[in-house]
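First the structure, in the form of structure tokens, and then the observations on it.
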Amino acid sequence: MINQTLQRTIIPGVNLHMVQSDKFKTVLFGIYIKRPLVESEVALNALLSRVIDKATANLHSSREMSQALEMLYGTLIVSDVHKYGEKQMIQIKIQVPGEQHVGETGLYRGVLAIINDMINHPKVEGDGFDPEMVEREKEGLISEINLRKDHKDSWVMSCCIENMCKDEHYHIHEFGTVERVKAITPEGLLKHLRKIWNESEIDICVIGDYDAELMESAIIDSLTFSSGDRTLLEREQVVFFPKTVNYYEEAHDLTQGKLCMGYRINVSYESPLYAAALVASVILGGGGSSKFFKVIREREGLCYSIYSRMEKYKSIMLVYAGVDFDKFSKTESLVEAIIEEVKNGQFTDEELEIAKKTVVSNIQSVSDYPNSYINFYYNLIVSEGIVDEQAHIRKIEGVTREQIVEALGDIRLDTVARLVKEDHHG
Amino acid sequence: MANRKVNLIEGLGEKVYVTTLSNGLEVHIMPKPHFAKKYAFFATQYGGIYNDYWFEGKRYEMPHGTAHFLEHQIFEDNEKSNFEKFEELGANLNAYTSFTSTVYHFDSIEHFDTGLKLLIDMVQKTDITEASVLKEIEVIDQEIRMYMDEPTWDLSTNLYRGLFHHHPIRNEIAGSTESIREITKEKIMTCYDHFYSPSNMTLFLYGAIEVDSTFEWLEAYFDKYRFRHTEKPKLIIPEEPYPVNYRRLDSYKRIGKGMMLVGFKTDPRLFEENKEDKIAALKIANDLMFGRSSEFFLMAYEKGLVADGFDFDTQVGEGYAMSLVGNETDHIDELYELILSEIQKHKDQGFKADDFMRMKRKILGRSISSFNSLQSIAGNYTQSVMRGNDLFKQMEAYKNLTIEAVNQAVISFYDLENHTLSAVHKQKSDANE
């Protein structure tokens with residue numbers, strides 16, 4: 001169980017969240033740097049997240065870095081970028097075994113010193129990062145951008161979002177484009193690191209079984225911040241009523257067609273109806289008892305994978321399915337018909353109760369895993385500013401049939417993306 | 001209960017109580033009083049490689065993918081979706097088929113006993129019909145096509161075909177889009193009859209569970225599922241020659257980056273004695289040779305030969321033993337040569353003492369971390385028992401490991417002449433790019 005949660009402001013804009021639980025044998029740190037999702041910046045943030053954990057002024061190569069972490073009992077550092085609506089988070093997560101379990105003190109301070117070096121004392125040459133290191137990571141990132149296309153299920157969802165939100169920042173992928181990555185210099189990247197560390201809102205979450213006072217002082221002593229104005233970011237636009245449905249198609253070397261349908265929910269997460277919209281999406285496509293699964297897979301045998309997913313910060317629902325090439329239209333009509341049914345209140349009380357139970361049991365079980373809990377916690381910090389698990393559960397449990405109908409009242413199909421089989425020519 | 005024979009398995013501060021019910025079902029309970037969630041796994045010794053077997057004096061040959069197909073069909077219920085029955089309890093139901101077992105599992109915070117009865121009934125009763133089989137052929141056809149569209153499909157399929165001549169591990173667990181069309185209701189029911197008798201099955205329970213009373217109510221509940229058979233089916237594994245089938249297989253695909261995987265095959269009889277110690281030694285040796293802190297990785301990374309996904313693993317099972325090394329790269333041959341020369345170097349020179357000590361610290365920290373989640377303990381323990389391994393013994397094996405054992409592991413395991421390279425090359429697209 002979660003024993004207690006403490007929040008401290010280190011300096012204005014930099015907040016520390018300490019979540020204590022004695023059931024974990026590790027301590028997990030999460031450092032979240034909040035940035036706007038804009039073309040001019042995403043590639044810089046993505047590259048930065050890959051460069052900072054490779055070496056520091058004191059650990060000169062990725063090998064020295066790995067060896068230092070192995071000596072700290074196999075401490076893991078994962079540094080990457082994530083998209084939260086039209087914000088981009090640079091996230092650094094660190095998993096350390098609990099000091100009491102390895103019988104050694106100083107482990108947390110040892111790890112925090114490396115983190116501070118990654119940010120405040122990176123491996124530099126002149127006014128920039130080590131150019132060879134930057135060059136290698138640029139190549140790595142470019143190849144990751146090119147490889148996005150190889151994973152067809154996530155690719156069709158990207159295609160859907162990029163077309164659906166082409167006039168909103170949300171269409172931007174968190175890795176940026178090949179051209180933007182190519183244009184980055186070691187000097188520009190170092191300047192960007194200094195800028196974001198000094199100007200962004202930063203949250204530090206720590207979850208595990210530790211002494212809060214000692215942990216707080218270890219963090220304050222080890223990590224250096226500059227005081228100054230930190231930019232607060234604006235909430236994204238989420239209400240859209242498309243006039244017509246936008247169809248997008250791409251030909252790939254495939255054995256199965258991939259389908260993604262993008263819906264505008266038009267209910268923001270601040271709305272009292274959002275909990276109902278979330279439950280509605282579970283009735284539709286959340287697992288083995290959902291309507292999509294029961295009708296499109298179990299009754300019609302059209303697919304193996306079919307599910308819906310909510311993009312909370314943009315109030316978008318994506319429906320994904322892998323189907324035979326000649327079954328696109330049939331699947332799309334069924335999805336549309338099922339949504340229409342639920343929108344008109346045609347679902348059983350049992351289906352409603354099961355969907356609510358599924359959401360509640362998901363919330364209850366996040367506290368079993370440090371990484372899911374830290375993600376859940378931070379999501380609520382970003383969206384609601386406070387974390388009240390029980391209030392969150394009560395909201396879900398209170399969802400009624402009428403609210404579901406109301407929550408789906410403004411749902412609109414915006415974009416349909418299909419990956420089809422390419423014609424073999426010649 | 002006075003007459004019940006209960007064995008205790010212990011290790012790393014954990015305890016597991018094991019008994020056999022009168023119908024032949026083996027039950028393992030790991031009490032974990034401080035966790036909110038409870039987990040149940042109901043497993044049969046029947047997986048993707050069991051297509052050719054002896055049973056009660058007769059030989060059976062089944063289409064590839066039958067075990068996985070049967071797993072899908074177990075979920076069939078005339079009255080009501082099984083997923084719904086579990087979700088009403090706030091429980092999550094799922095299943096998987098591996099090479100050697102099929103496992104049905106659920107977890108819940110409340111109503112665990114009710115869920116467990118549902119799980120037992122779901123697996124021990126069936127509602128399979130001609131129609132449900134026909135419909136499922138189409139669903140599984142789509143599942144296989146989904147796997148075929150994953151970029152690593154060719155890489156692993158070719159590797160197994162290259163390494164093995166006859167061993168059934170060459171075949172896909174789900175079968176092929178052709179083989180599943182040979183599956184009929186009769187074949188499914190025959191396999192169900194042979195493999196789903198309680199005496200061929202094991203039940204695993206984890207969480208805040210009272211041991212003795214649980215054994216007793218299970219004994220009473222299983223009374224309606226008496227043995228259909230007492231004999232266990234016997235898997236037929238054809239004699240597998242020592243040398244690999246092909247040394248190299250190349251394929252071409254429209255992907256963003258090339259991929260390669262080298263498989264080293266060895267004689268599985270090497271692991272007949274002190275299996276856990278030998279596997280521990282090999283895993284440490286692999287990490288020292290190819291891990292992120294190795295000389296090899298730094299060199300390969302600086303030359304741009306490897307990316308973050310670079311990986312390695314050793315697998316030992318019934319009739320096979322192999323190590324796999326590789327991942328995405330645009331310099332397949334260069335990386336291949338480097339892997340071979342790295343192994344040769346360590347065969348000749350051995351490892352350094354301080355590198356070995358550092359790796360032991362890492363393993364200690366990681367094994368502590370792995371006990372963070374009851375879900376992963378439950379999953380790992382179940383899998384290890386079903387593969388005939390002892391998880392606790394395996395984790396304890398790292399403690400007593402010596403550098404000599406690690407050096408010896410590289411020398412005796414890696415035969416550089418006996419490996420397969422599976423390469424998937426980036427196909428240049430012929431149109432306007």
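Following the order of the structure tokens, chains are lettered A, B, ..., residues in each are numbered from 1, and ligands are numbered from 1.
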Would you mind listing, for every residue of chain A within 7 Å of chain B, the two atoms forming the shortest contact and the distance between them in Å to one decimal, using only C-alpha atoms, sorted by chain and ascending residue number, as a tab-separated table?
residue	atom	partner	partner_atom	distance
A:Phe24	CA	B:Asn372	CA	5.2
A:Lys25	CA	B:Asn372	CA	5.6
A:Thr26	CA	B:Ser369	CA	5.9
A:Ser62	CA	B:Leu298	CA	7.0
A:Arg63	CA	B:Ser293	CA	4.6
A:Ser66	CA	B:Ser293	CA	5.0
A:Gln67	CA	B:Ser293	CA	5.4
A:Glu70	CA	B:Lys362	CA	4.9
A:Met71	CA	B:Arg358	CA	5.6
A:Tyr73	CA	B:Lys362	CA	4.4
A:Gly74	CA	B:Lys362	CA	4.0
A:Pro97	CA	B:Gly365	CA	5.8
A:Arg136	CA	B:Gly304	CA	6.9
A:Gly140	CA	B:Ala307	CA	6.8
A:Asn146	CA	B:Gly256	CA	5.6
A:Leu147	CA	B:Gly256	CA	4.9
A:Asp150	CA	B:Ile255	CA	5.9
A:His151	CA	B:Glu150	CA	6.5
A:Leu254	CA	B:Asp149	CA	6.0
A:Thr255	CA	B:Arg145	CA	5.7
A:Gln256	CA	B:Arg145	CA	5.7
A:Gly288	CA	B:Phe83	CA	5.4
A:Ser289	CA	B:Glu84	CA	5.1
A:Arg297	CA	B:Val139	CA	6.9
A:Gly301	CA	B:Val139	CA	5.3
A:Leu302	CA	B:Val139	CA	6.5
A:Cys303	CA	B:Val139	CA	5.4
A:Tyr304	CA	B:Val139	CA	5.1
A:Val323	CA	B:Gln142	CA	6.7
A:Ile354	CA	B:Glu88	CA	5.2
A:Lys357	CA	B:Gly90	CA	5.3
A:Thr358	CA	B:Gly90	CA	6.1
A:Ser361	CA	B:Gly90	CA	5.9
A:Asp368	CA	B:Ser373	CA	6.7
A:Tyr369	CA	B:Ser373	CA	6.2
Selected residues, C-alpha atoms, written as a short mmCIF file (atom, residue, chain, number, x, y, z; two decimals), in the first residue's frame, please.
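Output file again_17.cif follows:
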data_model
loop_
_atom_site.label_atom_id
_atom_site.label_comp_id
_atom_site.auth_asym_id
_atom_site.auth_seq_id
_atom_site.Cartn_x
_atom_site.Cartn_y
_atom_site.Cartn_z
CA PHE A 24 8.77 -2.07 -2.86
CA LYS A 25 12.33 -3.25 -2.60
CA THR A 26 13.58 -0.52 -4.94
CA SER A 62 29.01 4.91 -22.24
CA ARG A 63 31.13 2.03 -20.96
CA SER A 66 27.46 1.43 -17.45
CA GLN A 67 30.22 0.21 -15.17
CA GLU A 70 26.64 -1.80 -12.28
CA MET A 71 28.72 -0.97 -9.19
CA TYR A 73 23.97 -2.70 -7.77
CA GLY A 74 22.67 -2.63 -11.31
CA PRO A 97 17.71 -1.22 -5.10
CA ARG A 136 26.40 8.91 -33.05
CA GLY A 140 20.65 6.56 -33.79
CA ASN A 146 12.90 5.84 -40.02
CA LEU A 147 12.04 2.63 -38.16
CA ASP A 150 8.22 -0.77 -39.64
CA HIS A 151 5.82 -1.23 -36.75
CA LEU A 254 1.82 -6.39 -45.68
CA THR A 255 -0.01 -9.66 -45.06
CA GLN A 256 -2.83 -8.02 -43.06
CA GLY A 288 -12.39 -9.21 -23.85
CA SER A 289 -15.82 -8.14 -22.62
CA ARG A 297 -13.93 -10.67 -33.22
CA GLY A 301 -14.39 -13.51 -36.74
CA LEU A 302 -13.06 -10.46 -38.62
CA CYS A 303 -9.92 -9.85 -36.60
CA TYR A 304 -7.62 -10.91 -33.78
CA VAL A 323 -8.20 -7.06 -40.61
CA ILE A 354 -18.18 -4.48 -15.95
CA LYS A 357 -15.07 -2.44 -12.52
CA THR A 358 -12.37 -2.75 -15.16
CA SER A 361 -9.44 -2.40 -10.80
CA ASP A 368 1.39 -2.73 -7.17
CA TYR A 369 4.14 -1.60 -9.56
#
For stretch 62-67 of chain B: contacts at 10 Å, only C-alpha atoms, fewer than 5 positions along chain excluded, given as a PyMOL selection string | chain B and resi 46-53+72-73+97-102+140+168+171-184+187-188+190-192+195
Can you write out the residues you just picked, keeping C-alpha atoms, as a short mmCIF file (atom, residue, chain, number, x, y, z; two decimals), in the first residue's frame?
data_model
loop_
_atom_site.label_atom_id
_atom_site.label_comp_id
_atom_site.auth_asym_id
_atom_site.auth_seq_id
_atom_site.Cartn_x
_atom_site.Cartn_y
_atom_site.Cartn_z
CA TYR B 46 1.02 -29.09 -23.54
CA GLY B 47 2.51 -26.43 -25.83
CA GLY B 48 3.54 -25.60 -29.37
CA ILE B 49 6.06 -28.45 -29.73
CA TYR B 50 3.60 -31.22 -28.73
CA ASN B 51 2.38 -32.13 -32.20
CA ASP B 52 3.84 -35.61 -32.30
CA TYR B 53 3.35 -37.79 -29.18
CA HIS B 72 -8.49 -20.01 -27.90
CA GLN B 73 -11.33 -22.55 -27.82
CA THR B 97 0.73 -20.91 -25.08
CA SER B 98 4.49 -21.46 -24.96
CA PHE B 99 6.57 -24.21 -26.57
CA THR B 100 5.92 -26.58 -23.66
CA SER B 101 2.80 -25.42 -21.82
CA THR B 102 -0.58 -23.71 -22.01
CA ILE B 140 -6.13 -17.12 -35.64
CA PRO B 168 9.90 -29.13 -33.21
CA ASN B 171 7.87 -24.46 -35.90
CA GLU B 172 5.75 -21.50 -34.88
CA ILE B 173 3.70 -22.00 -31.70
CA ALA B 174 0.57 -20.65 -33.45
CA GLY B 175 1.17 -22.84 -36.53
CA SER B 176 0.95 -21.47 -40.07
CA THR B 177 -1.95 -19.99 -42.02
CA GLU B 178 -2.07 -23.39 -43.82
CA SER B 179 -1.66 -25.79 -40.87
CA ILE B 180 -4.50 -24.22 -38.85
CA ARG B 181 -6.92 -25.08 -41.68
CA GLU B 182 -6.26 -28.80 -41.00
CA ILE B 183 -7.53 -28.42 -37.44
CA THR B 184 -10.96 -29.92 -36.80
CA LYS B 187 -8.58 -33.26 -33.40
CA ILE B 188 -9.11 -30.52 -30.83
CA THR B 190 -8.68 -35.61 -28.88
CA CYS B 191 -5.92 -33.30 -27.65
CA TYR B 192 -8.19 -31.90 -24.98
CA PHE B 195 -3.61 -33.23 -22.28
#
Between atom CA of A:Arg230 and atom CA of A:Glu201, measure the distance and give it in Å to one decimal.
->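 Pair atom CA of A:Arg230 / atom CA of A:Glu201 returns 5.8 Å.
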Who sits within 7 Å of stretch 271-285 of chain B, only C-alpha atoms, same chain under 3 positions skipped, as a list in words |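 Listing them by chain and then by number gives Pro268, Leu288, Met289, Thr314, Lys393, Gln394, Ala397, Tyr398, Leu401, Ala405, Val406, Ala409 and Val410 of chain B.
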Surrounding residues of A:Leu6 excluding itself and chain neighbours under 5 positions, 10 Å, only C-alpha atoms, as a ChimeraX atom specification = /A:16-20,205-206,212
Any chance you could export the current selection's N, CA, C and O atoms as a tab-separated table (two decimals), in the first residue's frame?
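Result written to out13.tsv:
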chain	number	residue	atom	x	y	z
A	16	LEU	N	9.01	18.68	-5.67
A	16	LEU	CA	9.41	17.33	-5.27
A	16	LEU	C	8.19	16.59	-4.72
A	16	LEU	O	7.46	17.13	-3.89
A	17	HIS	N	7.96	15.37	-5.19
A	17	HIS	CA	6.83	14.56	-4.72
A	17	HIS	C	7.41	13.27	-4.15
A	17	HIS	O	8.03	12.50	-4.89
A	18	MET	N	7.20	13.04	-2.87
A	18	MET	CA	7.75	11.82	-2.28
A	18	MET	C	6.61	10.86	-1.93
A	18	MET	O	5.77	11.17	-1.09
A	19	VAL	N	6.59	9.71	-2.59
A	19	VAL	CA	5.55	8.71	-2.39
A	19	VAL	C	6.20	7.54	-1.66
A	19	VAL	O	7.13	6.92	-2.19
A	20	GLN	N	5.72	7.28	-0.45
A	20	GLN	CA	6.39	6.23	0.32
A	20	GLN	C	5.54	4.98	0.41
A	20	GLN	O	4.35	5.04	0.70
A	205	CYS	N	9.66	12.98	-8.84
A	205	CYS	CA	8.87	12.05	-8.03
A	205	CYS	C	9.80	10.95	-7.53
A	205	CYS	O	10.65	10.46	-8.28
A	206	VAL	N	9.62	10.56	-6.28
A	206	VAL	CA	10.43	9.47	-5.72
A	206	VAL	C	9.48	8.49	-5.05
A	206	VAL	O	8.70	8.88	-4.18
A	212	ALA	N	12.04	9.92	4.54
A	212	ALA	CA	11.70	11.10	3.74
A	212	ALA	C	12.66	12.27	3.99
A	212	ALA	O	13.07	12.94	3.04
